[in-house]
$ cat upload_5.cif   # mmCIF, C-alpha atoms
data_run
loop_
_atom_site.group_PDB
_atom_site.id
_atom_site.type_symbol
_atom_site.label_atom_id
_atom_site.label_comp_id
_atom_site.auth_asym_id
_atom_site.auth_seq_id
_atom_site.Cartn_x
_atom_site.Cartn_y
_atom_site.Cartn_z
ATOM 1 C CA MET C 43 -86.207 106.171 75.530
ATOM 2 C CA SER C 44 -87.033 107.949 72.288
ATOM 3 C CA ARG C 45 -87.216 111.728 72.505
ATOM 4 C CA GLU C 46 -87.081 114.851 70.404
ATOM 5 C CA SER C 47 -83.661 115.999 69.221
ATOM 6 C CA LEU C 48 -82.163 118.291 66.583
ATOM 7 C CA ASP C 49 -80.876 117.115 63.203
ATOM 8 C CA VAL C 50 -77.733 118.409 61.452
ATOM 9 C CA ASP C 51 -79.712 121.382 60.085
ATOM 10 C CA GLY C 52 -80.959 122.344 63.540
ATOM 11 C CA ARG C 53 -84.524 121.163 62.901
ATOM 12 C CA PRO C 54 -86.463 119.007 65.412
ATOM 13 C CA SER C 55 -86.332 115.285 64.718
ATOM 14 C CA HIS C 56 -87.601 112.121 66.349
ATOM 15 C CA ASP C 57 -86.634 108.531 65.600
ATOM 16 C CA LEU C 58 -90.282 107.430 65.874
ATOM 17 C CA ALA C 59 -91.550 109.926 63.276
ATOM 18 C CA LEU C 60 -91.207 107.567 60.315
ATOM 19 C CA TRP C 61 -92.980 104.787 62.196
ATOM 20 C CA ALA C 62 -95.775 107.202 63.141
ATOM 21 C CA VAL C 63 -96.341 108.089 59.477
ATOM 22 C CA LEU C 64 -96.335 104.423 58.497
ATOM 23 C CA LEU C 65 -98.930 103.739 61.212
ATOM 24 C CA GLY C 66 -101.017 106.605 59.859
ATOM 25 C CA VAL C 67 -100.752 105.319 56.296
ATOM 26 C CA VAL C 68 -101.947 101.867 57.354
ATOM 27 C CA CYS C 69 -104.866 103.398 59.255
ATOM 28 C CA TRP C 70 -105.764 105.619 56.296
ATOM 29 C CA GLY C 71 -105.690 102.520 54.121
ATOM 30 C CA TRP C 72 -108.416 101.013 56.303
ATOM 31 C CA GLY C 73 -110.524 104.195 56.133
ATOM 32 C CA PRO C 74 -112.233 103.648 52.745
ATOM 33 C CA VAL C 75 -112.762 99.962 53.543
ATOM 34 C CA ILE C 76 -114.639 100.870 56.736
ATOM 35 C CA VAL C 77 -116.638 103.582 54.935
ATOM 36 C CA ARG C 78 -117.642 101.064 52.270
ATOM 37 C CA GLY C 79 -119.608 99.186 54.915
ATOM 38 C CA ILE C 80 -121.654 102.275 55.861
ATOM 39 C CA SER C 81 -125.045 102.141 54.152
ATOM 40 C CA ALA C 82 -126.087 105.791 54.579
ATOM 41 C CA PRO C 83 -125.164 108.440 51.943
ATOM 42 C CA PHE C 84 -122.125 110.649 52.497
ATOM 43 C CA MET C 85 -124.011 113.818 53.433
ATOM 44 C CA ALA C 86 -126.009 111.875 56.018
ATOM 45 C CA PHE C 87 -123.175 110.109 57.807
ATOM 46 C CA THR C 88 -120.226 112.514 57.500
ATOM 47 C CA PRO C 89 -121.596 115.344 59.694
ATOM 48 C CA VAL C 90 -122.666 112.776 62.289
ATOM 49 C CA ARG C 91 -119.265 111.113 62.086
ATOM 50 C CA MET C 92 -117.658 114.493 62.838
ATOM 51 C CA VAL C 93 -119.969 115.038 65.813
ATOM 52 C CA ILE C 94 -118.943 111.622 67.149
ATOM 53 C CA ALA C 95 -115.277 112.484 66.572
ATOM 54 C CA LEU C 96 -115.350 115.859 68.339
ATOM 55 C CA PRO C 97 -115.628 114.684 72.004
ATOM 56 C CA ILE C 98 -113.232 111.815 71.282
ATOM 57 C CA MET C 99 -110.608 114.176 69.823
ATOM 58 C CA LEU C 100 -111.142 116.594 72.710
ATOM 59 C CA ALA C 101 -110.682 113.823 75.280
ATOM 60 C CA VAL C 102 -107.513 112.566 73.572
ATOM 61 C CA THR C 103 -106.200 116.147 73.426
ATOM 62 C CA TYR C 104 -106.460 116.717 77.180
ATOM 63 C CA ALA C 105 -105.396 113.160 78.038
ATOM 64 C CA SER C 106 -102.186 113.631 76.009
ATOM 65 C CA GLY C 107 -101.322 117.007 77.526
ATOM 66 C CA GLY C 108 -102.859 119.334 74.945
ATOM 67 C CA ARG C 109 -105.153 122.286 75.538
ATOM 68 C CA ILE C 110 -107.615 124.231 73.400
ATOM 69 C CA THR C 111 -106.663 127.891 73.677
ATOM 70 C CA ARG C 112 -107.426 131.000 71.680
ATOM 71 C CA GLU C 113 -103.944 130.819 70.147
ATOM 72 C CA VAL C 114 -104.485 127.189 69.081
ATOM 73 C CA VAL C 115 -107.824 128.025 67.475
ATOM 74 C CA ARG C 116 -106.343 131.027 65.674
ATOM 75 C CA ALA C 117 -103.378 129.034 64.331
ATOM 76 C CA SER C 118 -105.520 126.040 63.311
ATOM 77 C CA ALA C 119 -108.519 127.837 61.806
ATOM 78 C CA LEU C 120 -107.411 128.215 58.180
ATOM 79 C CA PRO C 121 -105.991 124.695 57.647
ATOM 80 C CA SER C 122 -109.137 123.354 59.352
ATOM 81 C CA VAL C 123 -111.274 125.040 56.703
ATOM 82 C CA PHE C 124 -108.976 123.632 54.006
ATOM 83 C CA TYR C 125 -109.561 120.155 55.447
ATOM 84 C CA THR C 126 -113.355 120.491 55.377
ATOM 85 C CA VAL C 127 -113.488 121.918 51.849
ATOM 86 C CA SER C 128 -111.136 119.153 50.672
ATOM 87 C CA LEU C 129 -113.527 116.599 52.160
ATOM 88 C CA LEU C 130 -116.478 118.133 50.322
ATOM 89 C CA CYS C 131 -114.589 118.274 47.015
ATOM 90 C CA ALA C 132 -113.465 114.663 47.398
ATOM 91 C CA PHE C 133 -116.936 113.212 47.768
ATOM 92 C CA ALA C 134 -118.413 115.542 45.155
ATOM 93 C CA SER C 135 -115.785 114.240 42.728
ATOM 94 C CA PHE C 136 -116.706 110.640 43.608
ATOM 95 C CA GLN C 137 -120.276 111.403 42.552
ATOM 96 C CA LYS C 138 -119.473 113.407 39.407
ATOM 97 C CA THR C 139 -116.525 111.554 37.881
ATOM 98 C CA SER C 140 -114.900 108.129 37.992
ATOM 99 C CA ILE C 141 -113.334 106.926 41.224
ATOM 100 C CA ALA C 142 -110.131 106.174 39.314
ATOM 101 C CA THR C 143 -109.785 109.733 38.019
ATOM 102 C CA SER C 144 -110.607 111.392 41.344
ATOM 103 C CA THR C 145 -108.193 109.085 43.202
ATOM 104 C CA LEU C 146 -105.382 109.644 40.723
ATOM 105 C CA ILE C 147 -105.729 113.439 40.747
ATOM 106 C CA VAL C 148 -105.485 113.701 44.530
ATOM 107 C CA SER C 149 -102.544 111.258 44.410
ATOM 108 C CA LEU C 150 -100.638 114.084 42.725
ATOM 109 C CA ASN C 151 -100.439 115.704 46.174
ATOM 110 C CA PRO C 152 -96.710 114.875 46.604
ATOM 111 C CA VAL C 153 -95.978 116.457 43.226
ATOM 112 C CA ALA C 154 -97.917 119.588 44.193
ATOM 113 C CA LEU C 155 -96.020 119.769 47.476
ATOM 114 C CA LEU C 156 -92.707 119.522 45.637
ATOM 115 C CA VAL C 157 -93.701 122.805 43.979
ATOM 116 C CA VAL C 158 -95.067 124.690 46.992
ATOM 117 C CA ALA C 159 -92.979 123.293 49.888
ATOM 118 C CA PRO C 160 -89.787 125.184 48.955
ATOM 119 C CA ILE C 161 -91.817 128.425 48.857
ATOM 120 C CA PHE C 162 -94.034 128.097 51.941
ATOM 121 C CA LEU C 163 -92.084 125.619 54.072
ATOM 122 C CA LYS C 164 -88.485 126.301 52.965
ATOM 123 C CA GLU C 165 -87.971 122.585 52.310
ATOM 124 C CA ARG C 166 -85.116 121.423 50.121
ATOM 125 C CA VAL C 167 -86.200 119.549 46.992
ATOM 126 C CA THR C 168 -83.633 117.566 45.022
ATOM 127 C CA LEU C 169 -83.892 116.373 41.437
ATOM 128 C CA LYS C 170 -83.599 112.752 42.586
ATOM 129 C CA LYS C 171 -86.503 113.252 44.992
ATOM 130 C CA VAL C 172 -88.636 114.688 42.179
ATOM 131 C CA ILE C 173 -87.820 111.763 39.878
ATOM 132 C CA TRP C 174 -88.600 109.083 42.459
ATOM 133 C CA CYS C 175 -91.754 110.927 43.473
ATOM 134 C CA LEU C 176 -92.963 110.803 39.857
ATOM 135 C CA VAL C 177 -92.107 107.094 39.723
ATOM 136 C CA ALA C 178 -94.176 106.518 42.881
ATOM 137 C CA VAL C 179 -97.145 108.424 41.428
ATOM 138 C CA ALA C 180 -96.865 106.347 38.258
ATOM 139 C CA GLY C 181 -96.998 103.198 40.387
ATOM 140 C CA VAL C 182 -100.127 104.415 42.170
ATOM 141 C CA SER C 183 -101.736 105.232 38.807
ATOM 142 C CA LEU C 184 -101.258 101.601 37.781
ATOM 143 C CA VAL C 185 -103.008 100.478 40.966
ATOM 144 C CA VAL C 186 -105.874 102.918 40.371
ATOM 145 C CA PHE C 187 -106.344 102.287 36.648
ATOM 146 C CA GLY C 188 -105.276 98.657 36.633
ATOM 147 C CA LYS C 189 -108.874 97.646 37.175
ATOM 148 C CA THR C 190 -111.807 98.978 35.201
ATOM 149 C CA SER C 191 -113.733 101.458 37.332
ATOM 150 C CA GLY C 192 -117.394 102.290 36.945
ATOM 151 C CA GLY C 193 -118.578 105.825 36.292
ATOM 152 C CA GLY C 194 -117.723 108.208 33.486
ATOM 153 C CA ASN C 195 -115.665 111.352 33.656
ATOM 154 C CA THR C 196 -117.209 114.822 33.556
ATOM 155 C CA VAL C 197 -115.557 118.235 33.494
ATOM 156 C CA GLU C 198 -117.431 119.202 36.656
ATOM 157 C CA GLY C 199 -116.283 116.086 38.475
ATOM 158 C CA ASP C 200 -112.688 116.525 37.341
ATOM 159 C CA LEU C 201 -112.755 120.119 38.622
ATOM 160 C CA TYR C 202 -113.986 118.890 41.999
ATOM 161 C CA ALA C 203 -111.086 116.417 42.048
ATOM 162 C CA VAL C 204 -108.645 119.226 41.243
ATOM 163 C CA GLY C 205 -110.237 121.250 44.053
ATOM 164 C CA ASN C 206 -109.666 118.321 46.383
ATOM 165 C CA LEU C 207 -105.995 118.257 45.344
ATOM 166 C CA ILE C 208 -105.590 122.011 45.905
ATOM 167 C CA PHE C 209 -107.273 122.102 49.292
ATOM 168 C CA TRP C 210 -105.680 118.856 50.541
ATOM 169 C CA THR C 211 -102.272 120.224 49.564
ATOM 170 C CA SER C 212 -103.130 123.474 51.358
ATOM 171 C CA TYR C 213 -104.168 121.455 54.404
ATOM 172 C CA ALA C 214 -100.848 119.563 54.320
ATOM 173 C CA VAL C 215 -98.889 122.825 54.207
ATOM 174 C CA GLY C 216 -101.049 124.268 56.989
ATOM 175 C CA THR C 217 -100.593 121.181 59.158
ATOM 176 C CA LYS C 218 -96.823 121.378 58.807
ATOM 177 C CA ARG C 219 -96.763 125.076 59.706
ATOM 178 C CA VAL C 220 -99.083 124.571 62.684
ATOM 179 C CA ARG C 221 -96.962 121.729 64.012
ATOM 180 C CA ASP C 222 -93.731 123.657 63.404
ATOM 181 C CA ALA C 223 -95.257 126.391 65.577
ATOM 182 C CA GLY C 224 -95.581 123.852 68.386
ATOM 183 C CA VAL C 225 -99.362 123.361 68.353
ATOM 184 C CA HIS C 226 -100.370 120.057 69.956
ATOM 185 C CA PRO C 227 -101.382 117.587 67.197
ATOM 186 C CA TYR C 228 -104.697 116.562 68.757
ATOM 187 C CA ALA C 229 -105.573 120.135 69.732
ATOM 188 C CA PHE C 230 -105.149 120.996 66.061
ATOM 189 C CA LEU C 231 -107.284 118.033 64.972
ATOM 190 C CA THR C 232 -109.977 118.956 67.490
ATOM 191 C CA VAL C 233 -110.236 122.411 65.935
ATOM 192 C CA ALA C 234 -110.329 120.829 62.461
ATOM 193 C CA THR C 235 -113.116 118.487 63.555
ATOM 194 C CA ALA C 236 -115.093 121.343 65.089
ATOM 195 C CA SER C 237 -114.699 123.306 61.849
ATOM 196 C CA ALA C 238 -116.073 120.350 59.897
ATOM 197 C CA VAL C 239 -119.090 120.120 62.218
ATOM 198 C CA VAL C 240 -119.838 123.839 61.872
ATOM 199 C CA ILE C 241 -119.596 123.726 58.066
ATOM 200 C CA LEU C 242 -121.015 120.296 57.243
ATOM 201 C CA PHE C 243 -124.077 120.119 59.471
ATOM 202 C CA PRO C 244 -125.804 123.252 58.083
ATOM 203 C CA LEU C 245 -124.844 122.162 54.566
ATOM 204 C CA ALA C 246 -126.371 118.724 55.158
ATOM 205 C CA LEU C 247 -129.615 120.353 56.297
ATOM 206 C CA VAL C 248 -129.656 122.637 53.243
ATOM 207 C CA VAL C 249 -129.267 119.745 50.794
ATOM 208 C CA GLY C 250 -131.911 117.718 52.633
ATOM 209 C CA ALA C 251 -129.757 114.923 54.047
ATOM 210 C CA ASP C 252 -131.896 112.219 55.652
ATOM 211 C CA PHE C 253 -130.219 111.235 58.929
ATOM 212 C CA GLU C 254 -132.794 108.490 59.428
ATOM 213 C CA GLN C 255 -130.920 106.552 56.724
ATOM 214 C CA LEU C 256 -128.241 105.769 59.283
ATOM 215 C CA GLY C 257 -128.632 102.079 60.100
ATOM 216 C CA GLY C 258 -127.603 100.066 63.152
ATOM 217 C CA ASN C 259 -124.192 98.963 61.857
ATOM 218 C CA ASP C 260 -123.454 102.453 60.539
ATOM 219 C CA TRP C 261 -122.987 103.778 64.066
ATOM 220 C CA TRP C 262 -120.364 101.182 65.000
ATOM 221 C CA LEU C 263 -118.572 101.646 61.690
ATOM 222 C CA MET C 264 -118.499 105.430 62.145
ATOM 223 C CA ILE C 265 -116.971 105.024 65.605
ATOM 224 C CA LEU C 266 -114.430 102.561 64.190
ATOM 225 C CA GLN C 267 -113.602 104.979 61.358
ATOM 226 C CA VAL C 268 -113.107 107.812 63.852
ATOM 227 C CA VAL C 269 -110.730 105.748 65.979
ATOM 228 C CA VAL C 270 -108.767 104.128 63.138
ATOM 229 C CA ALA C 271 -108.586 106.796 60.414
ATOM 230 C CA GLY C 272 -109.047 109.786 62.733
ATOM 231 C CA VAL C 273 -107.438 109.304 66.140
ATOM 232 C CA LEU C 274 -104.732 106.861 65.030
ATOM 233 C CA GLY C 275 -104.323 107.814 61.359
ATOM 234 C CA MET C 276 -104.580 111.590 61.289
ATOM 235 C CA GLY C 277 -103.226 111.878 64.823
ATOM 236 C CA SER C 278 -99.991 109.997 64.196
ATOM 237 C CA ILE C 279 -99.359 111.811 60.922
ATOM 238 C CA ALA C 280 -100.090 115.225 62.459
ATOM 239 C CA TRP C 281 -97.647 114.400 65.263
ATOM 240 C CA ALA C 282 -94.943 113.308 62.804
ATOM 241 C CA ASN C 283 -95.329 116.443 60.684
ATOM 242 C CA ARG C 284 -93.187 118.357 63.168
ATOM 243 C CA TYR C 285 -90.245 116.048 62.511
ATOM 244 C CA MET C 286 -90.443 115.266 58.773
ATOM 245 C CA ASP C 287 -90.649 117.175 55.508
ATOM 246 C CA ALA C 288 -94.215 117.566 54.261
ATOM 247 C CA THR C 289 -93.114 116.217 50.875
ATOM 248 C CA LEU C 290 -91.876 112.990 52.445
ATOM 249 C CA VAL C 291 -95.048 112.589 54.521
ATOM 250 C CA ALA C 292 -97.141 113.052 51.355
ATOM 251 C CA LEU C 293 -94.981 110.583 49.431
ATOM 252 C CA LEU C 294 -95.416 107.952 52.137
ATOM 253 C CA GLY C 295 -99.135 108.708 52.031
ATOM 254 C CA LEU C 296 -99.278 107.233 48.529
ATOM 255 C CA GLY C 297 -99.303 103.883 50.262
ATOM 256 C CA SER C 298 -102.875 104.459 51.466
ATOM 257 C CA PRO C 299 -104.707 103.778 48.157
ATOM 258 C CA VAL C 300 -102.462 100.773 47.604
ATOM 259 C CA LEU C 301 -103.277 99.392 51.055
ATOM 260 C CA SER C 302 -106.969 100.139 50.525
ATOM 261 C CA SER C 303 -106.893 97.956 47.406
ATOM 262 C CA ILE C 304 -105.146 95.174 49.324
ATOM 263 C CA PHE C 305 -107.582 95.394 52.250
ATOM 264 C CA ALA C 306 -110.566 95.438 49.854
ATOM 265 C CA TRP C 307 -109.161 92.306 48.205
ATOM 266 C CA TRP C 308 -108.891 90.688 51.640
ATOM 267 C CA ILE C 309 -112.208 91.818 53.172
ATOM 268 C CA PHE C 310 -114.516 92.189 50.160
ATOM 269 C CA GLU C 311 -112.728 89.702 47.864
ATOM 270 C CA GLN C 312 -112.145 92.396 45.250
ATOM 271 C CA THR C 313 -109.580 91.149 42.771
ATOM 272 C CA MET C 314 -106.140 92.652 42.186
ATOM 273 C CA ASN C 315 -104.615 91.901 38.802
ATOM 274 C CA ALA C 316 -100.979 91.760 37.749
ATOM 275 C CA VAL C 317 -100.925 95.411 36.653
ATOM 276 C CA GLN C 318 -102.147 96.585 40.069
ATOM 277 C CA ILE C 319 -99.695 94.362 41.929
ATOM 278 C CA GLY C 320 -96.884 95.623 39.701
ATOM 279 C CA GLY C 321 -97.920 99.230 40.307
ATOM 280 C CA ALA C 322 -97.932 98.674 44.066
ATOM 281 C CA ALA C 323 -94.430 97.200 43.858
ATOM 282 C CA VAL C 324 -93.188 100.197 41.828
ATOM 283 C CA MET C 325 -94.673 102.663 44.325
ATOM 284 C CA LEU C 326 -93.239 100.851 47.343
ATOM 285 C CA PHE C 327 -89.804 100.614 45.706
ATOM 286 C CA ALA C 328 -89.751 104.338 44.835
ATOM 287 C CA VAL C 329 -90.806 105.360 48.345
ATOM 288 C CA GLY C 330 -88.238 102.966 49.807
ATOM 289 C CA VAL C 331 -85.473 104.610 47.771
ATOM 290 C CA VAL C 332 -86.434 108.096 48.980
ATOM 291 C CA VAL C 333 -86.621 107.021 52.624
ATOM 292 C CA SER C 334 -83.469 104.863 52.664
ATOM 293 C CA ARG C 335 -81.318 107.411 50.831
ATOM 294 C CA LYS C 336 -82.844 110.389 52.671
ATOM 295 C CA LEU C 337 -83.308 112.265 49.398
#
$ encode --input "upload_5.cif" --output "structure tokens"
Amino acid sequence: MSRESLDVDGRPSHDLALWAVLLGVVCWGWGPVIVRGISAPFMAFTPVRMVIALPIMLAVTYASGGRITREVVRASALPSVFYTVSLLCAFASFQKTSIATSTLIVSLNPVALLVVAPIFLKERVTLKKVIWCLVAVAGVSLVVFGKTSGGGNTVEGDLYAVGNLIFWTSYAVGTKRVRDAGVHPYAFLTVATASAVVILFPLALVVGADFEQLGGNDWWLMILQVVVAGVLGMGSIAWANRYMDATLVALLGLGSPVLSSIFAWWIFEQTMNAVQIGGAAVMLFAVGVVVSRKL
């Protein structure tokens, strides 16, 4: 039976960690496809989606042996705020600049982590890892820009996208540190979800979000998004963070926009041209090199 052990450097490891991240990446890839089917605007459905997620995350936490304690809340509070602010910046960037630009900027997350991980997480970064990480980002950029995307760029929107990159990177660092401290992954995600509810619901009321815009299918899609992208996606990746470098988790995460494009092609019959397919191949090859050679 698989269990936790120590690697040659004395750090915890688990032979299922890589598979957990891959599961999370696949689930994250489905996330935007599910959201596309929701008819209500972002500020109407996101707070409600978080309210739906909260009891589910709490139930999974206690069912899997976790507990919500004062220490868990204290350790999880700051990265939980980073997560919520990242979410706000992401959707603000979608409204203010092109989807391609906002997607590409946040895809620089592995590069940002290569800079901050040695400082805050004491992770070892090799030149080969940096090179292959840049190759993977280049592959993702081909997927993102391989197809003409509607919407023009604005300085405001680009700044929101940069904010998303900064806060998502901060969330990734915080997640790794919380998990290294032994906090249960779903207890952490429950606190993050609660933080999102506390921040997003008042904000939605201030901006005049119309919750009556939520249609019949929206409710089922929100539940599906919670289970797939939240419980399975974020949960498996949060669990694996204890056993893998944050830089490697982020690099594997580059597969999500690629999978989203493939799923959109399958479900919504959105086309993928040769440039996008080539970019996906480049990204997958680069990630494969890093994983197989343990760079």
$ closest_atom_pairs --input "upload_5.cif" --of "segment 195-253 of chain C" --to "segment 272-289 of chain C" --cutoff "10 Å" --atoms "only C-alpha atoms" --output "JSON lines"
{"residue": "C:Thr211", "atom": "CA", "partner": "C:Ala288", "partner_atom": "CA", "distance": 9.7}
{"residue": "C:Ala214", "atom": "CA", "partner": "C:Ala288", "partner_atom": "CA", "distance": 6.9}
{"residue": "C:Val215", "atom": "CA", "partner": "C:Ala288", "partner_atom": "CA", "distance": 7.0}
{"residue": "C:Gly216", "atom": "CA", "partner": "C:Ala288", "partner_atom": "CA", "distance": 10.0}
{"residue": "C:Thr217", "atom": "CA", "partner": "C:Ala280", "partner_atom": "CA", "distance": 6.8}
{"residue": "C:Lys218", "atom": "CA", "partner": "C:Asn283", "partner_atom": "CA", "distance": 5.5}
{"residue": "C:Arg219", "atom": "CA", "partner": "C:Arg284", "partner_atom": "CA", "distance": 8.4}
{"residue": "C:Val220", "atom": "CA", "partner": "C:Arg284", "partner_atom": "CA", "distance": 8.6}
{"residue": "C:Arg221", "atom": "CA", "partner": "C:Arg284", "partner_atom": "CA", "distance": 5.1}
{"residue": "C:Asp222", "atom": "CA", "partner": "C:Arg284", "partner_atom": "CA", "distance": 5.3}
{"residue": "C:Ala223", "atom": "CA", "partner": "C:Arg284", "partner_atom": "CA", "distance": 8.6}
{"residue": "C:Gly224", "atom": "CA", "partner": "C:Arg284", "partner_atom": "CA", "distance": 7.9}
{"residue": "C:Val225", "atom": "CA", "partner": "C:Arg284", "partner_atom": "CA", "distance": 9.5}
{"residue": "C:His226", "atom": "CA", "partner": "C:Trp281", "partner_atom": "CA", "distance": 7.8}
{"residue": "C:Pro227", "atom": "CA", "partner": "C:Trp281", "partner_atom": "CA", "distance": 5.3}
{"residue": "C:Tyr228", "atom": "CA", "partner": "C:Gly277", "partner_atom": "CA", "distance": 6.3}
{"residue": "C:Ala229", "atom": "CA", "partner": "C:Gly277", "partner_atom": "CA", "distance": 9.9}
{"residue": "C:Phe230", "atom": "CA", "partner": "C:Ala280", "partner_atom": "CA", "distance": 8.5}
{"residue": "C:Leu231", "atom": "CA", "partner": "C:Gly277", "partner_atom": "CA", "distance": 7.4}
{"residue": "C:Thr235", "atom": "CA", "partner": "C:Gly272", "partner_atom": "CA", "distance": 9.6}
$ closest_residue --input "upload_5.cif" --among "C:Ala86, C:Leu293, C:Cys69, C:Cys175" --to "Val248 of chain C" --atoms "all atoms listed in the file"
C:Ala86
$ residues_around --input "upload_5.cif" --residues "Ser302 of chain C" --least-positions-apart "3" --cutoff "7 Å" --atoms "all atoms listed in the file" --output "PDB file with C-alpha atoms, keeping the file's coordinate frame"
ATOM      1  CA  GLY C  71    -105.690 102.520  54.121  1.00  0.00           C
ATOM      2  CA  TRP C  72    -108.416 101.013  56.303  1.00  0.00           C
ATOM      3  CA  PRO C  74    -112.233 103.648  52.745  1.00  0.00           C
ATOM      4  CA  VAL C  75    -112.762  99.962  53.543  1.00  0.00           C
ATOM      5  CA  SER C 298    -102.875 104.459  51.466  1.00  0.00           C
ATOM      6  CA  PRO C 299    -104.707 103.778  48.157  1.00  0.00           C
ATOM      7  CA  PHE C 305    -107.582  95.394  52.250  1.00  0.00           C
ATOM      8  CA  ALA C 306    -110.566  95.438  49.854  1.00  0.00           C
TER       9      ALA C 306
END
$ atom_distance --input "upload_5.cif" --atom1 "atom CA of Ala119 of chain C" --atom2 "atom CA of Val239 of chain C"
13.1 Å
$ resolve_selection --input "upload_5.cif" --expression "the PyMOL selection byres ((chain C and resi 94-103) around 6)" --output "number ranges by chain"
C: 91-93, 104-106, 108, 228-229, 232, 235, 268
$ write_last_selection --input "upload_5.cif" --atoms "C-alpha atoms" --output "tab-separated table (two decimals), keeping the file's coordinate frame"
chain	number	residue	atom	x	y	z
C	91	ARG	CA	-119.26	111.11	62.09
C	92	MET	CA	-117.66	114.49	62.84
C	93	VAL	CA	-119.97	115.04	65.81
C	104	TYR	CA	-106.46	116.72	77.18
C	105	ALA	CA	-105.40	113.16	78.04
C	106	SER	CA	-102.19	113.63	76.01
C	108	GLY	CA	-102.86	119.33	74.94
C	228	TYR	CA	-104.70	116.56	68.76
C	229	ALA	CA	-105.57	120.14	69.73
C	232	THR	CA	-109.98	118.96	67.49
C	235	THR	CA	-113.12	118.49	63.56
C	268	VAL	CA	-113.11	107.81	63.85
